[in-house]
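Have a look at the structure below, then the notes.
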Amino acid sequence: MSNFMNQYNGPLTGLLKWQQLDKLTDFLTSSDDDQWYVYYVGETVPTEPLSSQLFNLFTTELAKLLRGDHQEDYLGIVYVDDIEQPSFVKIYDPNNLGSACGSSGMNVLPGWTISRSAPVDLQAQFPNPGGRRRWWNNLIS
């Protein structure tokens with residue numbers, strides 16, 4: 001099994017407070033290297049990490065998107081492998097949550113992953129929403 005899948009299936013901690021998202025974003029964007037893979041699940045699996053400029057744009061825009069679309073007092077849709085030194089992040093799309101914990105018997109895939117390891121195709125069982133695809137394409141293109 002790949003390192004990515006080990007992390008994907010491994011124990012993750014949910015971020016419940018919006019301040020934790022801010023801290024995560026600060027950590028990710030203050031990294032000194034360009035080794036973050038961003039995978040929009042259901043789209044082409046990236047084979048290279050994003051450039052630091054594009055990665056910083058992504059993290060900023062994603063934080064805005066989450067705040068705009070997940071209008072709750074709590075976060076609860078972002079999971080990390082290590083809260084202090086994350087190397088793997090799962091982010092669920094607030095407009096396609098289903099039952100992210102899997103209690104409905106259906107495994108809902110995250111909207112995005114951020115990882116140090118090269119991702120593998122998670123073979124999404126549902127098409128990505130058109131609005132998110134346009135958001136992604138506008139951001140990355």
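Lettering and numbering for the structure tokens are positional, with chains as A, B, ... in the shown order, residues counted from 1 in each chain, and ligands counted from 1 in the shown order.
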
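Summary of the local environment: counting only C-alpha atoms, residues at most 8 Å from Lys90 of chain A, other than itself and those fewer than 3 positions away along its chain, are Tyr8, Val78, Tyr79, Val80, Pro110, Gly111, Trp112, Thr113 and Ile114 of chain A.
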
Take the residues from that selection and write them out as a compact mmCIF listing (two decimals), in the first residue's frame, keeping N, CA and C atoms.
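Listing of part_20.txt after writing:
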```
# COMPACT_ATOMS: atom_id res chain seq x y z
N TYR A 8 -4.02 8.26 4.24
CA TYR A 8 -5.44 8.46 3.99
C TYR A 8 -6.29 7.60 4.94
N VAL A 78 -12.28 19.28 8.26
CA VAL A 78 -10.86 19.23 7.92
C VAL A 78 -10.19 18.30 8.92
N TYR A 79 -9.39 17.36 8.39
CA TYR A 79 -8.73 16.35 9.22
C TYR A 79 -7.24 16.32 8.89
N VAL A 80 -6.40 16.18 9.91
CA VAL A 80 -4.95 16.17 9.73
C VAL A 80 -4.33 14.97 10.44
N PRO A 110 -13.32 12.77 0.41
CA PRO A 110 -13.10 14.19 0.64
C PRO A 110 -13.12 14.96 -0.67
N GLY A 111 -13.26 16.26 -0.57
CA GLY A 111 -13.18 17.10 -1.76
C GLY A 111 -11.74 17.28 -2.20
N TRP A 112 -10.84 17.42 -1.23
CA TRP A 112 -9.43 17.68 -1.53
C TRP A 112 -8.56 16.94 -0.52
N THR A 113 -7.35 16.64 -0.96
CA THR A 113 -6.31 16.20 -0.03
C THR A 113 -5.09 17.08 -0.28
N ILE A 114 -4.35 17.30 0.77
CA ILE A 114 -3.07 18.00 0.71
C ILE A 114 -2.09 17.04 1.37
```

Item to check | helix (DSSP H, G or I) call set, DSSP backbone run, chain A, as a count of residues only | outcome: 48

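Using only C-alpha atoms for every distance, the candidate list A:Thr13, A:Ser2, A:Gln85, A:Ser115 yields A:Ser115 as the residue closest to Asp34 of chain A.
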
Next on the checklist: For the strand (DSSP E) assignment from backbone DSSP, which residues of chain A qualify? Please present them as a ChimeraX atom specification.
Outcome noted: /A:13-15,37-40,78-80,88-91,112-115

With N, CA and C atoms retained, could you export that selection as an mmCIF file, in the first residue's frame?
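Output below, filename result01.cif:
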```cif
data_model
loop_
_atom_site.group_PDB
_atom_site.id
_atom_site.type_symbol
_atom_site.label_atom_id
_atom_site.label_comp_id
_atom_site.auth_asym_id
_atom_site.auth_seq_id
_atom_site.Cartn_x
_atom_site.Cartn_y
_atom_site.Cartn_z
ATOM 1 N N THR A 13 -6.962 13.604 12.977
ATOM 2 C CA THR A 13 -7.604 14.448 13.984
ATOM 3 C C THR A 13 -8.440 15.499 13.280
ATOM 4 N N GLY A 14 -9.693 15.625 13.687
ATOM 5 C CA GLY A 14 -10.573 16.633 13.104
ATOM 6 C C GLY A 14 -10.322 18.000 13.718
ATOM 7 N N LEU A 15 -10.289 19.014 12.870
ATOM 8 C CA LEU A 15 -10.177 20.387 13.352
ATOM 9 C C LEU A 15 -11.592 20.897 13.592
ATOM 10 N N TYR A 37 1.417 18.270 -2.460
ATOM 11 C CA TYR A 37 0.528 17.822 -3.522
ATOM 12 C C TYR A 37 -0.894 18.197 -3.131
ATOM 13 N N VAL A 38 -1.628 18.775 -4.058
ATOM 14 C CA VAL A 38 -3.039 19.081 -3.831
ATOM 15 C C VAL A 38 -3.834 18.271 -4.838
ATOM 16 N N TYR A 39 -4.739 17.465 -4.323
ATOM 17 C CA TYR A 39 -5.543 16.575 -5.158
ATOM 18 C C TYR A 39 -7.007 16.937 -4.988
ATOM 19 N N TYR A 40 -7.624 17.348 -6.068
ATOM 20 C CA TYR A 40 -9.068 17.558 -6.092
ATOM 21 C C TYR A 40 -9.667 16.219 -6.491
ATOM 22 N N VAL A 78 -12.283 19.281 8.264
ATOM 23 C CA VAL A 78 -10.861 19.226 7.915
ATOM 24 C C VAL A 78 -10.187 18.303 8.920
ATOM 25 N N TYR A 79 -9.390 17.358 8.389
ATOM 26 C CA TYR A 79 -8.732 16.354 9.215
ATOM 27 C C TYR A 79 -7.243 16.325 8.886
ATOM 28 N N VAL A 80 -6.403 16.181 9.911
ATOM 29 C CA VAL A 80 -4.948 16.174 9.730
ATOM 30 C C VAL A 80 -4.333 14.968 10.439
ATOM 31 N N PHE A 88 -0.348 15.411 6.036
ATOM 32 C CA PHE A 88 -1.501 14.914 5.281
ATOM 33 C C PHE A 88 -2.759 15.601 5.801
ATOM 34 N N VAL A 89 -3.574 16.099 4.870
ATOM 35 C CA VAL A 89 -4.808 16.809 5.217
ATOM 36 C C VAL A 89 -5.928 16.313 4.314
ATOM 37 N N LYS A 90 -7.084 16.022 4.915
ATOM 38 C CA LYS A 90 -8.308 15.687 4.176
ATOM 39 C C LYS A 90 -9.279 16.832 4.413
ATOM 40 N N ILE A 91 -9.867 17.323 3.343
ATOM 41 C CA ILE A 91 -10.838 18.416 3.449
ATOM 42 C C ILE A 91 -12.114 17.977 2.748
ATOM 43 N N TRP A 112 -10.838 17.424 -1.229
ATOM 44 C CA TRP A 112 -9.431 17.678 -1.526
ATOM 45 C C TRP A 112 -8.560 16.940 -0.523
ATOM 46 N N THR A 113 -7.353 16.638 -0.960
ATOM 47 C CA THR A 113 -6.313 16.201 -0.032
ATOM 48 C C THR A 113 -5.091 17.080 -0.282
ATOM 49 N N ILE A 114 -4.347 17.302 0.771
ATOM 50 C CA ILE A 114 -3.066 17.998 0.712
ATOM 51 C C ILE A 114 -2.086 17.045 1.369
ATOM 52 N N SER A 115 -1.002 16.743 0.663
ATOM 53 C CA SER A 115 -0.081 15.752 1.216
ATOM 54 C C SER A 115 1.348 15.995 0.748
#
```

Quick one: everything within 12 Å of Lys17 of chain A, counting only C-alpha atoms, minus sequence neighbours fewer than 6 positions away in the same chain. Send it as a PDB file with N, CA and C atoms, in the first residue's frame.
```pdb
ATOM      1  N   LYS A  23      -4.438  28.285  11.851  1.00  0.00           N
ATOM      2  CA  LYS A  23      -3.116  27.787  12.246  1.00  0.00           C
ATOM      3  C   LYS A  23      -2.584  26.800  11.206  1.00  0.00           C
ATOM      4  N   LEU A  24      -3.454  25.930  10.700  1.00  0.00           N
ATOM      5  CA  LEU A  24      -3.052  24.978   9.664  1.00  0.00           C
ATOM      6  C   LEU A  24      -2.622  25.717   8.405  1.00  0.00           C
ATOM      7  N   ARG A  67     -15.098  29.003   4.656  1.00  0.00           N
ATOM      8  CA  ARG A  67     -15.809  29.956   5.519  1.00  0.00           C
ATOM      9  C   ARG A  67     -17.124  30.409   4.880  1.00  0.00           C
ATOM     10  N   GLU A  72     -21.096  27.411   9.841  1.00  0.00           N
ATOM     11  CA  GLU A  72     -21.335  26.828  11.153  1.00  0.00           C
ATOM     12  C   GLU A  72     -20.373  27.476  12.141  1.00  0.00           C
ATOM     13  N   ASP A  73     -20.674  27.367  13.422  1.00  0.00           N
ATOM     14  CA  ASP A  73     -19.767  27.887  14.450  1.00  0.00           C
ATOM     15  C   ASP A  73     -18.536  27.009  14.611  1.00  0.00           C
ATOM     16  N   TYR A  74     -18.633  25.786  14.142  1.00  0.00           N
ATOM     17  CA  TYR A  74     -17.541  24.821  14.246  1.00  0.00           C
ATOM     18  C   TYR A  74     -17.051  24.482  12.842  1.00  0.00           C
ATOM     19  N   LEU A  75     -15.870  23.908  12.747  1.00  0.00           N
ATOM     20  CA  LEU A  75     -15.325  23.517  11.448  1.00  0.00           C
ATOM     21  C   LEU A  75     -15.723  22.075  11.151  1.00  0.00           C
ATOM     22  N   GLY A  76     -15.011  21.094  11.685  1.00  0.00           N
ATOM     23  CA  GLY A  76     -15.429  19.703  11.608  1.00  0.00           C
ATOM     24  C   GLY A  76     -15.362  19.030  10.247  1.00  0.00           C
ATOM     25  N   ILE A  77     -14.761  19.658   9.232  1.00  0.00           N
ATOM     26  CA  ILE A  77     -14.674  19.036   7.908  1.00  0.00           C
ATOM     27  C   ILE A  77     -13.236  18.968   7.395  1.00  0.00           C
ATOM     28  N   VAL A  78     -12.283  19.281   8.264  1.00  0.00           N
ATOM     29  CA  VAL A  78     -10.861  19.226   7.915  1.00  0.00           C
ATOM     30  C   VAL A  78     -10.187  18.303   8.920  1.00  0.00           C
ATOM     31  N   TYR A  79      -9.390  17.358   8.389  1.00  0.00           N
ATOM     32  CA  TYR A  79      -8.732  16.354   9.215  1.00  0.00           C
ATOM     33  C   TYR A  79      -7.243  16.325   8.886  1.00  0.00           C
TER      34      TYR A  79
END
```

Next on the checklist: Calculated over only C-alpha atoms, which of the candidates A:Leu109, A:Leu28, A:Leu97, A:Leu12 has the smallest distance to Phe58 of chain A?
Outcome noted: A:Leu28

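Closest approach to Arg133 of chain A from the set A:Thr44, A:Asn56, A:Pro49, A:Trp18 is made by A:Thr44, with distances taken over only C-alpha atoms.
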
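The coordinates place atom CA of Asp93 of chain A at 7.9 Å from atom CA of Leu66 of chain A.
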
Which residues are near Leu65 of chain A? Cut-off 12 Å, only C-alpha atoms, ignore same chain within fewer than 5 positions. Put them as a CSV table (one decimal) with N, CA and C atoms, in the first residue's frame.
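Written out: part_33.csv:
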```
chain,number,residue,atom,x,y,z
A,58,PHE,N,-4.0,28.5,-3.4
A,58,PHE,CA,-5.0,27.5,-3.1
A,58,PHE,C,-5.4,27.5,-1.7
A,59,THR,N,-4.4,27.6,-0.7
A,59,THR,CA,-4.8,27.5,0.7
A,59,THR,C,-5.6,28.8,1.1
A,60,THR,N,-5.2,29.9,0.6
A,60,THR,CA,-6.0,31.1,0.9
A,60,THR,C,-7.4,31.1,0.3
A,70,HIS,N,-19.4,26.8,4.6
A,70,HIS,CA,-19.7,26.0,5.8
A,70,HIS,C,-20.0,27.0,6.9
A,71,GLN,N,-21.2,27.5,6.9
A,71,GLN,CA,-21.6,28.6,7.8
A,71,GLN,C,-22.0,28.0,9.1
A,91,ILE,N,-9.9,17.3,3.3
A,91,ILE,CA,-10.8,18.4,3.4
A,91,ILE,C,-12.1,18.0,2.7
A,92,TYR,N,-13.2,18.0,3.5
A,92,TYR,CA,-14.5,17.6,2.9
A,92,TYR,C,-15.2,18.8,2.3
A,93,ASP,N,-15.8,18.7,1.2
A,93,ASP,CA,-16.5,19.8,0.5
A,93,ASP,C,-17.8,20.0,1.3
A,94,PRO,N,-18.0,21.3,1.8
A,94,PRO,CA,-19.2,21.5,2.6
A,94,PRO,C,-20.5,21.4,1.8
A,95,ASN,N,-20.4,21.4,0.5
A,95,ASN,CA,-21.6,21.2,-0.3
A,95,ASN,C,-21.8,19.7,-0.8
A,131,GLY,N,-20.0,23.3,-10.1
A,131,GLY,CA,-19.5,24.6,-9.5
A,131,GLY,C,-18.1,24.4,-8.9
A,132,ARG,N,-17.8,23.3,-8.3
A,132,ARG,CA,-16.5,23.1,-7.7
A,132,ARG,C,-15.5,22.9,-8.8
A,135,TRP,N,-14.6,26.2,-10.1
A,135,TRP,CA,-13.8,26.9,-9.1
A,135,TRP,C,-12.3,26.4,-9.2
A,136,TRP,N,-12.2,25.1,-9.2
A,136,TRP,CA,-10.9,24.5,-9.3
A,136,TRP,C,-10.1,24.9,-10.6
A,139,LEU,N,-9.0,28.4,-10.6
A,139,LEU,CA,-7.9,28.7,-9.7
A,139,LEU,C,-6.6,28.1,-10.3
```

Checklist entry - Between atom CA of Ser31 of chain A and atom CA of Ser52 of chain A, what is the spacing in Å? => result 8.7 Å

Item to check | Residue with smallest distance to Trp36 of chain A - pool A:Ile140, A:Val120, A:Leu54, A:Gln20, counting only C-alpha atoms | outcome: A:Leu54

Checklist entry - Pick the closest to Phe27 of chain A from A:Ser141, A:Gln7, A:Ser87, A:Thr47: which is it, counting only C-alpha atoms? => result A:Ser87

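Separating atom CA of Gly42 of chain A from atom CA of Glu84 of chain A is a distance of 28.5 Å.
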
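Distances from A:Asp26, A:Asp121, A:Arg134, A:Ala63 to Pro86 of chain A were compared using only C-alpha atoms, and the smallest one belongs to A:Asp26.
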